[in-house]
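Novice: Can you keep this structure in mind? I'll have questions shortly.
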Amino acid sequence: MHSSLLPLTHNQHPAPRLSQQACGLWQLCFDAMASPCEVLLDAPHLRADTISALCQNLVRETWRIEHQYSRYQPNNIIHAINHAQGAPVELDTETQHLIQFADTCFHLSDGLFDITSGILRRAWSFNVPHTIPTQQQIEQLLPLIGWQKCRWQPPYLQLPAGAEIDLGGLGKEYAADKALALLQQGAQQNPQPANTPSAAFLVNFGGDIAASGPRPNQTAWQVGLAGNPTDKHIALTSGGIATSGDTHRFIYHEGTKLSHILNPKTGWPITGGPSTVTVIASNCVQAGMLATFALLQGAGAEDFLRQQNCSYLVV
Amino acid sequence: MQLTKLGSIAQALAGASCALLGMNAQAGAPGTWDLDAAVLFYSEDNGRVQALEPVVAATRYFADDAQLNVKLALDTLTGASPNGATPSAQPQTFTRASGKGTYTIAPNEAPLDDTFKDTRAAVNITWAAPINSDWRYSSGLVVSAEHDYFSGGLNGSITRYLNEKNTELTFGLAASSDTITPEGGKPKGLYRVPDASAANFKTQFDAARDGDDDTKSLTDVLLGVTQVINRRTIMQFNYSLSTSSGYLTDPYKLLSVINPVSGSNTIDGDGKAVYVYEQRPDSRTKHALFWQTKYMLTSGDVMDGSYRFMTDDWGVTSHTLDFKYRWQLEHAYVEPHLRYYTQSAADFYHRFLLEKDYSAELGKTTLENASADYRLGDLTGTTLGVKYARQFNQQEFSVRAEYFVQSNSGETGMGVLSQQDLYPDTQALMLTLGYSY
Amino acid sequence: MHKPIVATLLASTLLSGCSQLGVNAYERSLLAKESMLLTSDPIEAGLDEHIYFSKEASSGGRGFGGGGCGCN
């Protein structure tokens, strides 16, 4: 097994590490979006320099997405949108696609999925020390929340002054799917001899998974979920897995367990639902959104998932 | 949530997420190289042309789907090639192209010029890159040089993608300029070849020169459509127009002048046979239609068939049929190949000239153009071959053996000439070794 | 010379029918294989083109030639 650091530098992340297992499987490890990221490449026909080039492109692209859509960066499109003081902002093609998707999700969820609800974090803190706001504090924030108040006319997005958007709810899943697409295109550009199985990849960004397969030995990827009481492995040939929710971030208040998923219409957390929902779907973005939608149903989460006929796991 | 109102959320999200993820033209594996190399051994029977051609090409991939390709080819030719004269029951002596020395052909033997030794080197550089997600362009430079021939050219093409890249439209342009510096200078086409045994041969030889060199320019236009038919089938349809002008004649070829009754070579006052230098028109326009289909069977085997139709203003019309079957094995393949070619003769092609077309006073043929180059006559060529390739790690080694037979036909001789084989077959064996990394 | 017109007509008929033909992006796995590239071995194709160019009166069709030579 050999391992090397990729020649990429980032002022907040360590250099990525690429290693090859004895069985030929390549493993890339790096940090992005506040999560440990891992990529598995099962591509016996690709040369080491091709694998390294693909991995470098993948990390560069992931770090690019992280930088572009992080709400902490002072010089990206999110910052421009959130500080436009009510003026319209012209978006690049990629951001337009993301905003369009968020808009679709807002309507599909009847307004429960709302990327303008991020400012509620000013009132709530689900990390220790916990903070529960007063109704008055929430009511101060509610006027700034509501995607329906934003003017979305591609390519222009106009938020009310003081409103903010946060793409954290789909950033990691989007990056995972993009990373997988990059690997698949890279494998396609190195046409392999016919009659050899296609390369298979698995991208795992902190639990948000996108995979393509089957693996050359005809098996599926075996995905284990940490903290899963049944210790069941999911056999994934291709598709996406995403988990929404957090078993650790909740607040007990007056006997009720408040999850950190907030209802943008009321400003209060969803109650009665599971701690986490894991969904398996055809891509990570779709899986993530289904899981989020399920959690937004609160007590009706499992019913929702059953009706949507998707494979899921609820904790 | 209004599940019933909106139908399946999962399905809607599937569509929306696919739209989000889209298909951008992203970089593939930039920073990597591909190397391809091959060497061809070509050998004709009966002491005719032998060639050895090594080729090496490197492709470098860049970000944003761009690539640079550099190809180097060397071509060494030895052996003899027909000079255009007819065989005779008498021995024939020909002057070498350089004017220095002669070669003699035995009676009833095909007249072959064995001074045909040459080495050619060619460099091909091509750059291709996308313009945006719907357009792609490429541009290239070609330079080829041998001791008596130099060619330099530029080419470029643009491709438009339609129907989610299922359709590709290509427009290409190529232009090149060639300089021919024949050994011994450029002969005066249609004029009599000076006889080496003549007393004033040197004077005659110099008088039959028309300068040291000449040029030729070529322009090619290509219009092509590539279409994905289904998961297993892809087709290409091309139309190409090619025009060339300038010195299109082969300076080393000649024609025999024959007596129409006896069939023997016409002789001059000194009893020497008369031959004239060939000459071709100074312009040529060719049209070609090309169609290719590739189909993959469920076994992974691939069938590849193509047809090309060509017609030009020299009167040549040709049909080319090519078929390959790739039989997929584990990490290897076997590919038999069959090619069939047929062409009709150029208007000015004559296997030999008759005395009526030759003027002794003028010392030249009275025809406007004439050539006995068998490659411009009626001919049919069949190639049968098989290729075997094996993949190791990420490399591929291949070996290909092909057998090529070309048979020519045309006007038959009369008198004693009818005893001669005016149209011997050309048979060649070709062996290609290839390596890919 | 009506042949170019015939060629254009054929090409445009092919094009108008083209929008119904084709596959989705995720169905291109077989077409991406090396054996399905229209020219799977460009070097070999170049060598053949040169041989037949020097033995026959036709050339090209597939694409552009790779440089002139004194062989035809």
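Residue numbering restarts at 1 for every chain of the structure tokens, chains are lettered A, B, ... in their displayed order, and ligands are numbered from 1 as they appear.
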Please identify all polymer residues within 8 Å of region 408-423 of chain B, counting only C-alpha atoms, omitting same-chain residues fewer than 3 positions from it, and present them as a compact mmCIF listing (two decimals) with C-alpha atoms, in the first residue's frame.
Specialist:
```
# COMPACT_ATOMS: atom_id res chain seq x y z
CA THR B 86 5.58 -1.26 -71.44
CA PRO B 87 7.59 -4.47 -71.29
CA SER B 88 9.21 -5.52 -74.50
CA ALA B 89 10.70 -8.58 -76.13
CA ASN B 108 9.89 -9.53 -71.17
CA ALA B 110 8.29 -5.26 -66.28
CA PRO B 260 0.10 0.31 -83.88
CA VAL B 261 0.60 -2.55 -86.33
CA SER B 262 3.61 -4.49 -85.08
CA GLY B 263 3.16 -3.65 -81.46
CA SER B 264 6.85 -3.08 -81.03
CA HIS B 350 -2.91 5.48 -71.62
CA ARG B 351 -0.96 2.30 -71.09
CA TYR B 374 -0.90 2.30 -63.32
CA GLY B 377 -5.79 3.30 -64.63
CA ASP B 378 -8.72 0.95 -64.15
CA LEU B 379 -7.89 -1.05 -61.10
CA THR B 380 -9.31 -3.12 -58.33
```
Novice: Excluding Val143 (chain B) and residues on its chain fewer than 6 positions from it, collect all residues at most 6 Å away from it, counting only C-alpha atoms, and give them as a list of chain:residue names.
Specialist: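 The contact residues come out as B:Ala122, B:Val123, B:Ser151, B:Gly152.
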Novice: Might you pull out every residue within 12 Å of Arg306 (chain A), with only C-alpha atoms counted and same-chain residues fewer than 3 positions away left off, and present them as a list in words?
Specialist: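 Skipping anything fewer than 3 positions along the chain leaves Val279, Leu290, Ala291, Ala294, Gly300, Ala301, Glu302, Asp303, Asn309, Cys310, Ser311, Tyr312, Leu313 and Val314 of chain A; Leu3, Ser8, Ile9 and Ala10 of chain B.
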Novice: Hey, what's within 8 Å of region 31-47 of chain A if we count only C-alpha atoms and toss same-chain stuff fewer than 6 positions away? As number ranges by chain, please?
Specialist: A: 13-14, 16, 24-25, 62-63, 66, 172, 187, 190, 192, 198-206, 215-216; B: 393-394
Novice: Hey, what does DSSP flag as strand (DSSP E) within region 294-348 of chain B? Can you give it to me as a ChimeraX atom specification?
Specialist: /B:294-296,302-312,317-329,332-343
